Amino acid sequence: NAGVTQTPKFQVLKTGQSMTLQCAQDMNHNSMYWYRQDPGMGLRLIYYSASEGTTDKGEVPNGYNVSRLNKREFSLRLESAAPSQTSVYFCASSWDRGAYEQYFGPGTRLTVT
Amino acid sequence: TQLLEQSPQFLSIQEGENLTVYCNSSSVFSSLQWYRQEPGEGPVLLVTVVTGGEVKKLKRLTFQFGDARKDSSLHITAAQPGDTGLYLCAGPTGANNLFFGTGTRLTVIP
């Protein structure tokens with residue numbers, strides 16, 4: 001039982017390059033999330049998908065796009081990376097939104113130079 | 001203004017000591033969750049508190065939800081090096097998502 005998996009684990013980009021972070025869950029959860037974690041800032045919600053076929057902006061969506069490919073997979077795309085997007089990115093899933101327990105992936109450490 | 005303020009931000013203690021960390025808000029929450037995040041990993045849920053005044057114990061960890069459901073505390077008895085990590089509290093917002101506090105980074109020195 002893998003839970004939530006993320007790829008890649010580490011990535012270095014140059015300013016202006018694009019990339020897609022992949023996330024998959026095998027718990028049949030309805031809701032999925034992308035967060036970024038920066039020192040002293042906690043976890044901030046970028047985008048979420050309440051259910052298959054829907055996506056919505058979170059607290060810090062600028063510079064990102066998402067796709068809920070199916071119930072299992074939720075990807076995060078950076079179209080033109082900027083140094084301000086240097087961060088650790090976490091994907092999470094839960095049975096539903098709100099107060100349900102969230103299960104997190106191991107994170108992707110992204111550096112934009 | 002942060003919805004959830006956690007204190008202290010950093011805490012370094014010797015093995016065997018007791019400690020308490022806090023999660024405070026000016027808003028009322030229907031529930032609060034506590035997560036622990038170890039280096040290089042994602043957060044993992046420890047407990048959810050739901051009722052004002054509720055106390056939950058998880059081995060040496062004691063969690064309390066304030067009577068007014070605006071604050072919560074985590075007390076660790078006889079801390080061990082395995083307790084080292086980032087402790088995060090989180091509560092559901094009006095937008096029906098979880099808002100995370102900035103966390104308390106605990107280091108337990110052997």
# chains A, B, ... in the order shown; residues from 1 in each chain; ligands from 1
>>> residues_around(residues="Val28 of chain B", least_positions_apart="6", cutoff="9 Å", atoms="only C-alpha atoms", output="PyMOL selection string")
chain B and resi 68-71
>>> closest_atom_pairs(of="chain B", to="chain A", cutoff="6 Å", atoms="only C-alpha atoms", output="tab-separated table")
residue	atom	partner	partner_atom	distance
B:Glu41	CA	A:Pro106	CA	4.8
B:Gly42	CA	A:Pro106	CA	4.9
B:Pro92	CA	A:Gly98	CA	5.3
B:Asn96	CA	A:Gly98	CA	4.4
B:Asn97	CA	A:Gly98	CA	4.9
B:Phe100	CA	A:Leu43	CA	5.9
B:Gly101	CA	A:Gly42	CA	5.9
B:Thr102	CA	A:Gly42	CA	3.9
>>> write_last_selection(atoms="N, CA and C atoms", output="CSV table (one decimal), in the first residue's frame")
chain,number,residue,atom,x,y,z
B,41,GLU,N,10.3,14.2,5.1
B,41,GLU,CA,9.0,13.4,5.0
B,41,GLU,C,7.8,14.4,5.0
B,42,GLY,N,6.6,13.9,4.6
B,42,GLY,CA,5.4,14.7,4.7
B,42,GLY,C,4.9,14.6,6.1
B,92,PRO,N,-10.0,23.4,10.1
B,92,PRO,CA,-10.8,23.7,8.9
B,92,PRO,C,-11.2,25.1,8.9
B,96,ASN,N,-13.7,25.5,3.9
B,96,ASN,CA,-13.7,24.0,4.0
B,96,ASN,C,-12.4,23.4,3.5
B,97,ASN,N,-11.3,24.1,3.7
B,97,ASN,CA,-10.0,23.5,3.6
B,97,ASN,C,-9.3,23.6,4.9
B,100,PHE,N,-3.0,25.4,8.0
B,100,PHE,CA,-1.9,24.9,8.9
B,100,PHE,C,-1.2,26.1,9.6
B,101,GLY,N,-0.9,25.9,10.9
B,101,GLY,CA,0.0,26.8,11.6
B,101,GLY,C,1.4,26.7,11.0
B,102,THR,N,2.3,27.6,11.5
B,102,THR,CA,3.7,27.6,11.0
B,102,THR,C,4.5,26.6,11.7
>>> residues_around(residues="Leu13 of chain A", least_positions_apart="6", cutoff="7 Å", atoms="only C-alpha atoms", output="VMD selection string")
chain A and resid 111 to 113
>>> write_last_selection(atoms="N, CA, C and O atoms", output="PDB file, in the first residue's frame")
ATOM      1  N   THR A 111      14.374  23.696  -6.668  1.00  0.00           N
ATOM      2  CA  THR A 111      15.215  24.889  -6.642  1.00  0.00           C
ATOM      3  C   THR A 111      15.183  25.537  -8.011  1.00  0.00           C
ATOM      4  O   THR A 111      15.402  24.863  -9.020  1.00  0.00           O
ATOM      5  N   VAL A 112      14.889  26.836  -8.052  1.00  0.00           N
ATOM      6  CA  VAL A 112      14.878  27.589  -9.310  1.00  0.00           C
ATOM      7  C   VAL A 112      16.002  28.621  -9.243  1.00  0.00           C
ATOM      8  O   VAL A 112      16.031  29.468  -8.351  1.00  0.00           O
ATOM      9  N   THR A 113      16.914  28.512 -10.188  1.00  0.00           N
ATOM     10  CA  THR A 113      18.086  29.414 -10.172  1.00  0.00           C
ATOM     11  C   THR A 113      17.954  30.515 -11.229  1.00  0.00           C
ATOM     12  O   THR A 113      17.116  30.422 -12.131  1.00  0.00           O
TER      13      THR A 113
END
>>> atom_distance(atom1="atom CA of Tyr35 of chain A", atom2="atom CA of Gln9 of chain B")
20.3 Å
>>> residues_around(residues="Asp26 of chain A", least_positions_apart="5", cutoff="8 Å", atoms="only C-alpha atoms", output="count of residues only")
5
>>> select_by_dssp(residues="chain A", states="strand (DSSP E or B)", output="CSV table (one decimal) with N, CA, C and O atoms, in the first residue's frame")
chain,number,residue,atom,x,y,z
A,4,VAL,N,0.4,8.0,-0.8
A,4,VAL,CA,0.6,9.1,-1.8
A,4,VAL,C,2.0,9.1,-2.3
A,4,VAL,O,2.9,9.1,-1.5
A,5,THR,N,2.2,9.0,-3.6
A,5,THR,CA,3.5,9.1,-4.2
A,5,THR,C,3.7,10.3,-5.0
A,5,THR,O,2.7,10.8,-5.6
A,6,GLN,N,4.9,10.9,-5.0
A,6,GLN,CA,5.2,12.1,-5.7
A,6,GLN,C,6.5,11.8,-6.5
A,6,GLN,O,7.4,11.2,-6.0
A,7,THR,N,6.5,12.4,-7.7
A,7,THR,CA,7.8,12.4,-8.5
A,7,THR,C,7.9,13.8,-9.1
A,7,THR,O,6.9,14.4,-9.5
A,10,PHE,N,13.6,15.4,-6.2
A,10,PHE,CA,14.4,16.7,-6.3
A,10,PHE,C,14.4,17.2,-7.7
A,10,PHE,O,14.3,16.4,-8.6
A,11,GLN,N,14.4,18.5,-7.9
A,11,GLN,CA,14.5,19.1,-9.2
A,11,GLN,C,15.2,20.5,-9.1
A,11,GLN,O,14.9,21.2,-8.2
A,12,VAL,N,16.0,20.7,-10.1
A,12,VAL,CA,16.6,22.1,-10.2
A,12,VAL,C,16.2,22.6,-11.6
A,12,VAL,O,16.4,21.9,-12.6
A,13,LEU,N,15.7,23.8,-11.6
A,13,LEU,CA,15.3,24.4,-12.9
A,13,LEU,C,16.0,25.8,-13.0
A,13,LEU,O,16.3,26.4,-12.0
A,19,MET,N,7.9,22.7,-15.8
A,19,MET,CA,8.0,21.3,-15.3
A,19,MET,C,6.6,20.9,-14.7
A,19,MET,O,5.8,21.8,-14.3
A,20,THR,N,6.4,19.7,-14.6
A,20,THR,CA,5.2,19.1,-14.0
A,20,THR,C,5.6,18.2,-12.9
A,20,THR,O,6.4,17.3,-13.1
A,21,LEU,N,4.9,18.4,-11.7
A,21,LEU,CA,5.1,17.5,-10.6
A,21,LEU,C,3.9,16.6,-10.6
A,21,LEU,O,2.8,17.0,-10.7
A,22,GLN,N,4.3,15.3,-10.4
A,22,GLN,CA,3.2,14.3,-10.5
A,22,GLN,C,2.9,13.8,-9.1
A,22,GLN,O,3.7,13.7,-8.2
A,23,CYS,N,1.6,13.4,-8.9
A,23,CYS,CA,1.1,12.9,-7.6
A,23,CYS,C,0.1,11.8,-7.9
A,23,CYS,O,-0.8,12.0,-8.8
A,24,ALA,N,0.1,10.8,-7.1
A,24,ALA,CA,-0.9,9.7,-7.3
A,24,ALA,C,-1.2,9.1,-5.9
A,24,ALA,O,-0.3,9.0,-5.0
A,25,GLN,N,-2.4,8.8,-5.7
A,25,GLN,CA,-2.8,8.1,-4.4
A,25,GLN,C,-3.6,6.9,-4.7
A,25,GLN,O,-4.4,6.8,-5.7
A,31,SER,N,-10.6,13.8,-2.5
A,31,SER,CA,-10.0,15.2,-2.5
A,31,SER,C,-8.5,15.1,-2.5
A,31,SER,O,-7.9,14.2,-1.9
A,32,MET,N,-7.9,16.0,-3.3
A,32,MET,CA,-6.4,16.0,-3.4
A,32,MET,C,-6.0,17.5,-3.4
A,32,MET,O,-6.7,18.4,-3.7
A,33,TYR,N,-4.7,17.7,-2.9
A,33,TYR,CA,-4.2,19.0,-2.6
A,33,TYR,C,-2.8,19.2,-3.0
A,33,TYR,O,-2.0,18.2,-3.0
A,34,TRP,N,-2.4,20.4,-3.4
A,34,TRP,CA,-1.0,20.7,-3.5
A,34,TRP,C,-0.7,21.9,-2.6
A,34,TRP,O,-1.3,22.9,-2.5
A,35,TYR,N,0.4,21.7,-1.8
A,35,TYR,CA,0.9,22.7,-0.8
A,35,TYR,C,2.4,23.0,-1.2
A,35,TYR,O,3.1,22.2,-1.7
A,36,ARG,N,2.8,24.2,-0.8
A,36,ARG,CA,4.2,24.5,-0.7
A,36,ARG,C,4.6,24.8,0.7
A,36,ARG,O,3.8,25.3,1.5
A,37,GLN,N,5.8,24.5,1.1
A,37,GLN,CA,6.3,24.7,2.4
A,37,GLN,C,7.6,25.5,2.4
A,37,GLN,O,8.6,25.0,1.8
A,38,ASP,N,7.6,26.6,3.0
A,38,ASP,CA,8.7,27.5,3.0
A,38,ASP,C,9.1,27.8,4.5
A,38,ASP,O,8.2,27.8,5.3
A,42,GLY,N,5.0,27.7,7.2
A,42,GLY,CA,4.1,26.6,7.3
A,42,GLY,C,3.7,26.1,5.9
A,42,GLY,O,4.4,26.3,4.9
A,43,LEU,N,2.6,25.3,5.9
A,43,LEU,CA,2.1,24.7,4.6
A,43,LEU,C,1.1,25.7,4.1
A,43,LEU,O,0.1,26.0,4.7
A,44,ARG,N,1.2,26.1,2.8
A,44,ARG,CA,0.3,27.0,2.2
A,44,ARG,C,-0.4,26.3,1.0
A,44,ARG,O,0.4,25.7,0.1
A,45,LEU,N,-1.7,26.3,0.9
A,45,LEU,CA,-2.4,25.6,-0.1
A,45,LEU,C,-2.3,26.3,-1.5
A,45,LEU,O,-2.6,27.5,-1.6
A,46,ILE,N,-1.9,25.6,-2.5
A,46,ILE,CA,-1.8,26.2,-3.9
A,46,ILE,C,-3.0,26.0,-4.6
A,46,ILE,O,-3.7,26.9,-5.1
A,47,TYR,N,-3.4,24.7,-4.8
A,47,TYR,CA,-4.6,24.3,-5.5
A,47,TYR,C,-5.2,23.1,-4.8
A,47,TYR,O,-4.4,22.4,-4.2
A,48,TYR,N,-6.5,22.9,-5.0
A,48,TYR,CA,-7.1,21.6,-4.5
A,48,TYR,C,-8.1,21.1,-5.5
A,48,TYR,O,-8.5,21.9,-6.4
A,49,SER,N,-8.4,19.9,-5.4
A,49,SER,CA,-9.4,19.2,-6.2
A,49,SER,C,-10.4,18.5,-5.3
A,49,SER,O,-10.0,17.5,-4.6
A,56,ASP,N,-9.8,23.9,-7.9
A,56,ASP,CA,-10.0,25.3,-7.4
A,56,ASP,C,-8.7,25.9,-6.8
A,56,ASP,O,-7.8,25.1,-6.4
A,57,LYS,N,-8.6,27.2,-6.9
A,57,LYS,CA,-7.5,27.9,-6.3
A,57,LYS,C,-7.5,27.9,-4.8
A,57,LYS,O,-8.5,28.0,-4.2
A,64,TYR,N,1.0,28.8,-11.1
A,64,TYR,CA,0.8,27.3,-11.1
A,64,TYR,C,-0.5,27.0,-11.8
A,64,TYR,O,-1.4,27.8,-11.9
A,65,ASN,N,-0.5,25.8,-12.4
A,65,ASN,CA,-1.7,25.2,-12.9
A,65,ASN,C,-1.8,23.8,-12.5
A,65,ASN,O,-0.8,23.1,-12.2
A,66,VAL,N,-3.0,23.2,-12.4
A,66,VAL,CA,-3.2,21.8,-12.0
A,66,VAL,C,-4.1,21.1,-13.0
A,66,VAL,O,-4.8,21.7,-13.7
A,67,SER,N,-4.0,19.8,-12.9
A,67,SER,CA,-4.9,18.9,-13.6
A,67,SER,C,-5.2,17.7,-12.8
A,67,SER,O,-4.3,17.0,-12.2
A,68,ARG,N,-6.5,17.4,-12.6
A,68,ARG,CA,-6.9,16.2,-11.9
A,68,ARG,C,-7.2,15.2,-13.1
A,68,ARG,O,-8.3,15.2,-13.7
A,73,GLU,N,-4.9,10.6,-9.8
A,73,GLU,CA,-3.7,11.5,-10.1
A,73,GLU,C,-4.1,13.0,-10.1
A,73,GLU,O,-5.1,13.4,-10.7
A,74,PHE,N,-3.1,13.8,-9.6
A,74,PHE,CA,-3.3,15.2,-9.5
A,74,PHE,C,-1.9,15.8,-9.8
A,74,PHE,O,-1.0,15.7,-9.0
A,75,SER,N,-1.8,16.5,-10.9
A,75,SER,CA,-0.5,17.1,-11.2
A,75,SER,C,-0.4,18.6,-11.1
A,75,SER,O,-1.5,19.3,-11.2
A,76,LEU,N,0.8,19.1,-10.8
A,76,LEU,CA,1.0,20.5,-10.6
A,76,LEU,C,2.0,21.0,-11.7
A,76,LEU,O,3.1,20.4,-11.8
A,77,ARG,N,1.7,22.0,-12.4
A,77,ARG,CA,2.6,22.5,-13.5
A,77,ARG,C,3.0,23.9,-13.2
A,77,ARG,O,2.2,24.8,-12.9
A,78,LEU,N,4.3,24.1,-13.4
A,78,LEU,CA,4.9,25.4,-13.4
A,78,LEU,C,5.3,25.8,-14.8
A,78,LEU,O,6.1,25.1,-15.4
A,87,SER,N,11.0,25.9,-3.3
A,87,SER,CA,10.2,25.5,-2.1
A,87,SER,C,10.2,24.0,-2.1
A,87,SER,O,10.8,23.3,-3.0
A,88,VAL,N,9.6,23.5,-1.0
A,88,VAL,CA,9.3,22.0,-1.0
A,88,VAL,C,7.8,21.9,-1.2
A,88,VAL,O,7.0,22.6,-0.6
A,89,TYR,N,7.4,21.1,-2.2
A,89,TYR,CA,6.0,20.9,-2.6
A,89,TYR,C,5.5,19.5,-2.1
A,89,TYR,O,6.1,18.5,-2.3
A,90,PHE,N,4.3,19.6,-1.5
A,90,PHE,CA,3.7,18.4,-1.0
A,90,PHE,C,2.3,18.2,-1.6
A,90,PHE,O,1.6,19.2,-1.7
A,91,CYS,N,2.1,17.0,-2.0
A,91,CYS,CA,0.8,16.6,-2.5
A,91,CYS,C,0.1,15.8,-1.3
A,91,CYS,O,0.8,15.2,-0.5
A,92,ALA,N,-1.2,16.0,-1.2
A,92,ALA,CA,-1.9,15.3,-0.1
A,92,ALA,C,-3.3,14.9,-0.6
A,92,ALA,O,-3.8,15.4,-1.6
A,93,SER,N,-3.9,13.9,0.1
A,93,SER,CA,-5.2,13.5,-0.3
A,93,SER,C,-6.0,13.2,1.0
A,93,SER,O,-5.5,13.0,2.1
A,94,SER,N,-7.3,13.3,0.8
A,94,SER,CA,-8.2,13.0,2.0
A,94,SER,C,-9.5,12.4,1.4
A,94,SER,O,-9.9,12.6,0.2
A,103,TYR,N,-3.5,12.8,4.0
A,103,TYR,CA,-2.3,11.9,3.9
A,103,TYR,C,-1.4,12.6,2.9
A,103,TYR,O,-1.8,13.0,1.8
A,104,PHE,N,-0.1,12.7,3.3
A,104,PHE,CA,0.8,13.5,2.5
A,104,PHE,C,1.8,12.6,1.8
A,104,PHE,O,2.2,11.5,2.3
A,108,THR,N,8.5,17.2,-2.9
A,108,THR,CA,9.5,17.4,-4.0
A,108,THR,C,10.2,18.7,-3.6
A,108,THR,O,9.6,19.8,-3.4
A,109,ARG,N,11.6,18.6,-3.6
A,109,ARG,CA,12.4,19.8,-3.3
A,109,ARG,C,12.8,20.4,-4.6
A,109,ARG,O,13.5,19.9,-5.3
A,110,LEU,N,12.2,21.6,-4.8
A,110,LEU,CA,12.5,22.3,-6.1
A,110,LEU,C,13.3,23.6,-5.9
A,110,LEU,O,13.0,24.4,-5.0
A,111,THR,N,14.4,23.7,-6.7
A,111,THR,CA,15.2,24.9,-6.6
A,111,THR,C,15.2,25.5,-8.0
A,111,THR,O,15.4,24.9,-9.0
A,112,VAL,N,14.9,26.8,-8.1
A,112,VAL,CA,14.9,27.6,-9.3
A,112,VAL,C,16.0,28.6,-9.2
A,112,VAL,O,16.0,29.5,-8.4
>>> atom_distance(atom1="atom CA of Gly85 of chain B", atom2="atom CA of Phe10 of chain B")
10.3 Å
>>> residues_around(residues="Ser7 of chain B", least_positions_apart="2", cutoff="7 Å", atoms="only C-alpha atoms", output="ChimeraX atom specification")
/B:5,9,21-23,104
>>> write_last_selection(atoms="N, CA, C and O atoms", output="PDB file, in the first residue's frame")
ATOM      1  N   GLU B   5      -1.546  30.523  15.300  1.00  0.00           N
ATOM      2  CA  GLU B   5      -0.209  30.898  15.740  1.00  0.00           C
ATOM      3  C   GLU B   5       0.332  29.788  16.633  1.00  0.00           C
ATOM      4  O   GLU B   5      -0.333  29.391  17.594  1.00  0.00           O
ATOM      5  N   GLN B   9       8.454  28.786  18.320  1.00  0.00           N
ATOM      6  CA  GLN B   9       8.784  28.410  16.941  1.00  0.00           C
ATOM      7  C   GLN B   9       9.838  27.307  16.940  1.00  0.00           C
ATOM      8  O   GLN B   9       9.805  26.411  16.105  1.00  0.00           O
ATOM      9  N   VAL B  21       3.834  22.683  23.823  1.00  0.00           N
ATOM     10  CA  VAL B  21       3.772  23.615  22.701  1.00  0.00           C
ATOM     11  C   VAL B  21       2.316  24.017  22.497  1.00  0.00           C
ATOM     12  O   VAL B  21       1.396  23.288  22.880  1.00  0.00           O
ATOM     13  N   TYR B  22       2.147  25.193  21.895  1.00  0.00           N
ATOM     14  CA  TYR B  22       0.827  25.801  21.863  1.00  0.00           C
ATOM     15  C   TYR B  22       0.391  26.165  20.439  1.00  0.00           C
ATOM     16  O   TYR B  22       1.217  26.474  19.580  1.00  0.00           O
ATOM     17  N   CYS B  23      -0.918  26.150  20.261  1.00  0.00           N
ATOM     18  CA  CYS B  23      -1.540  26.518  18.999  1.00  0.00           C
ATOM     19  C   CYS B  23      -2.705  27.430  19.343  1.00  0.00           C
ATOM     20  O   CYS B  23      -3.653  26.992  20.020  1.00  0.00           O
ATOM     21  N   THR B 104       6.005  24.168  15.321  1.00  0.00           N
ATOM     22  CA  THR B 104       7.056  24.212  16.340  1.00  0.00           C
ATOM     23  C   THR B 104       8.082  23.148  15.987  1.00  0.00           C
ATOM     24  O   THR B 104       7.727  21.975  15.850  1.00  0.00           O
TER      25      THR B 104
END
>>> residues_around(residues="Val47 of chain B", least_positions_apart="5", cutoff="9 Å", atoms="only C-alpha atoms", output="ChimeraX atom specification")
/B:32-35,56-58,63
>>> atom_distance(atom1="atom CA of Asp67 of chain B", atom2="atom CA of Ser27 of chain B")
12.9 Å
>>> decode(residues="segment 16-52 of chain B", atoms="N, CA and C atoms", output="compact mmCIF listing (two decimals), in the first residue's frame")
# COMPACT_ATOMS: atom_id res chain seq x y z
N GLY B 16 14.36 13.25 28.22
CA GLY B 16 13.82 13.06 29.56
C GLY B 16 13.06 14.26 30.10
N GLU B 17 13.23 15.42 29.49
CA GLU B 17 12.51 16.62 29.93
C GLU B 17 11.08 16.60 29.41
N ASN B 18 10.24 17.40 30.07
CA ASN B 18 8.86 17.60 29.63
C ASN B 18 8.75 18.91 28.87
N LEU B 19 7.76 19.02 27.99
CA LEU B 19 7.58 20.26 27.24
C LEU B 19 6.12 20.41 26.84
N THR B 20 5.76 21.66 26.57
CA THR B 20 4.42 21.96 26.06
C THR B 20 4.55 22.93 24.90
N VAL B 21 3.83 22.68 23.82
CA VAL B 21 3.77 23.61 22.70
C VAL B 21 2.32 24.02 22.50
N TYR B 22 2.15 25.19 21.89
CA TYR B 22 0.83 25.80 21.86
C TYR B 22 0.39 26.16 20.44
N CYS B 23 -0.92 26.15 20.26
CA CYS B 23 -1.54 26.52 19.00
C CYS B 23 -2.70 27.43 19.34
N ASN B 24 -2.63 28.69 18.94
CA ASN B 24 -3.62 29.68 19.36
C ASN B 24 -4.26 30.39 18.18
N SER B 25 -5.50 30.77 18.35
CA SER B 25 -6.22 31.48 17.30
C SER B 25 -7.22 32.44 17.92
N SER B 26 -7.59 33.47 17.17
CA SER B 26 -8.68 34.34 17.59
C SER B 26 -10.02 33.83 17.05
N SER B 27 -9.95 32.78 16.24
CA SER B 27 -11.15 32.21 15.64
C SER B 27 -11.53 30.91 16.34
N VAL B 28 -12.81 30.59 16.29
CA VAL B 28 -13.29 29.32 16.82
C VAL B 28 -13.18 28.26 15.72
N PHE B 29 -12.66 27.12 16.09
CA PHE B 29 -12.55 26.00 15.14
C PHE B 29 -13.47 24.87 15.57
N SER B 30 -14.08 24.21 14.60
CA SER B 30 -14.93 23.05 14.91
C SER B 30 -14.08 21.87 15.37
N SER B 31 -12.82 21.84 14.97
CA SER B 31 -11.89 20.80 15.38
C SER B 31 -10.48 21.28 15.08
N LEU B 32 -9.51 20.64 15.68
CA LEU B 32 -8.11 20.92 15.37
C LEU B 32 -7.37 19.60 15.22
N GLN B 33 -6.45 19.58 14.28
CA GLN B 33 -5.61 18.40 14.08
C GLN B 33 -4.17 18.75 14.44
N TRP B 34 -3.44 17.75 14.92
CA TRP B 34 -2.00 17.87 15.16
C TRP B 34 -1.28 16.86 14.27
N TYR B 35 -0.27 17.36 13.55
CA TYR B 35 0.56 16.54 12.69
C TYR B 35 2.01 16.63 13.17
N ARG B 36 2.78 15.57 12.91
CA ARG B 36 4.23 15.61 13.12
C ARG B 36 4.90 15.35 11.77
N GLN B 37 5.91 16.14 11.47
CA GLN B 37 6.65 16.01 10.24
C GLN B 37 8.12 15.77 10.56
N GLU B 38 8.63 14.64 10.12
CA GLU B 38 10.05 14.33 10.32
C GLU B 38 10.84 14.83 9.11
N PRO B 39 12.12 15.09 9.29
CA PRO B 39 12.93 15.64 8.20
C PRO B 39 12.84 14.80 6.93
N GLY B 40 12.58 15.45 5.79
CA GLY B 40 12.53 14.76 4.51
C GLY B 40 11.24 13.99 4.26
N GLU B 41 10.25 14.16 5.15
CA GLU B 41 8.99 13.43 5.00
C GLU B 41 7.82 14.41 4.99
N GLY B 42 6.64 13.89 4.61
CA GLY B 42 5.44 14.69 4.73
C GLY B 42 4.85 14.58 6.13
N PRO B 43 3.97 15.52 6.51
CA PRO B 43 3.33 15.45 7.83
C PRO B 43 2.47 14.20 7.97
N VAL B 44 2.38 13.72 9.22
CA VAL B 44 1.56 12.56 9.54
C VAL B 44 0.64 12.94 10.69
N LEU B 45 -0.64 12.62 10.57
CA LEU B 45 -1.61 12.99 11.60
C LEU B 45 -1.32 12.24 12.90
N LEU B 46 -1.32 13.00 14.03
CA LEU B 46 -1.20 12.40 15.35
C LEU B 46 -2.59 12.24 15.99
N VAL B 47 -3.37 13.32 15.95
CA VAL B 47 -4.65 13.29 16.65
C VAL B 47 -5.56 14.39 16.12
N THR B 48 -6.86 14.19 16.30
CA THR B 48 -7.86 15.23 16.04
C THR B 48 -8.63 15.47 17.33
N VAL B 49 -8.76 16.73 17.74
CA VAL B 49 -9.60 17.07 18.90
C VAL B 49 -10.82 17.81 18.40
N VAL B 50 -11.96 17.48 18.97
CA VAL B 50 -13.23 17.96 18.42
C VAL B 50 -14.06 18.75 19.45
N THR B 51 -14.05 18.29 20.69
CA THR B 51 -14.93 18.89 21.71
C THR B 51 -14.14 19.85 22.58
N GLY B 52 -14.71 21.02 22.87
CA GLY B 52 -14.06 21.97 23.76
C GLY B 52 -13.74 21.33 25.10
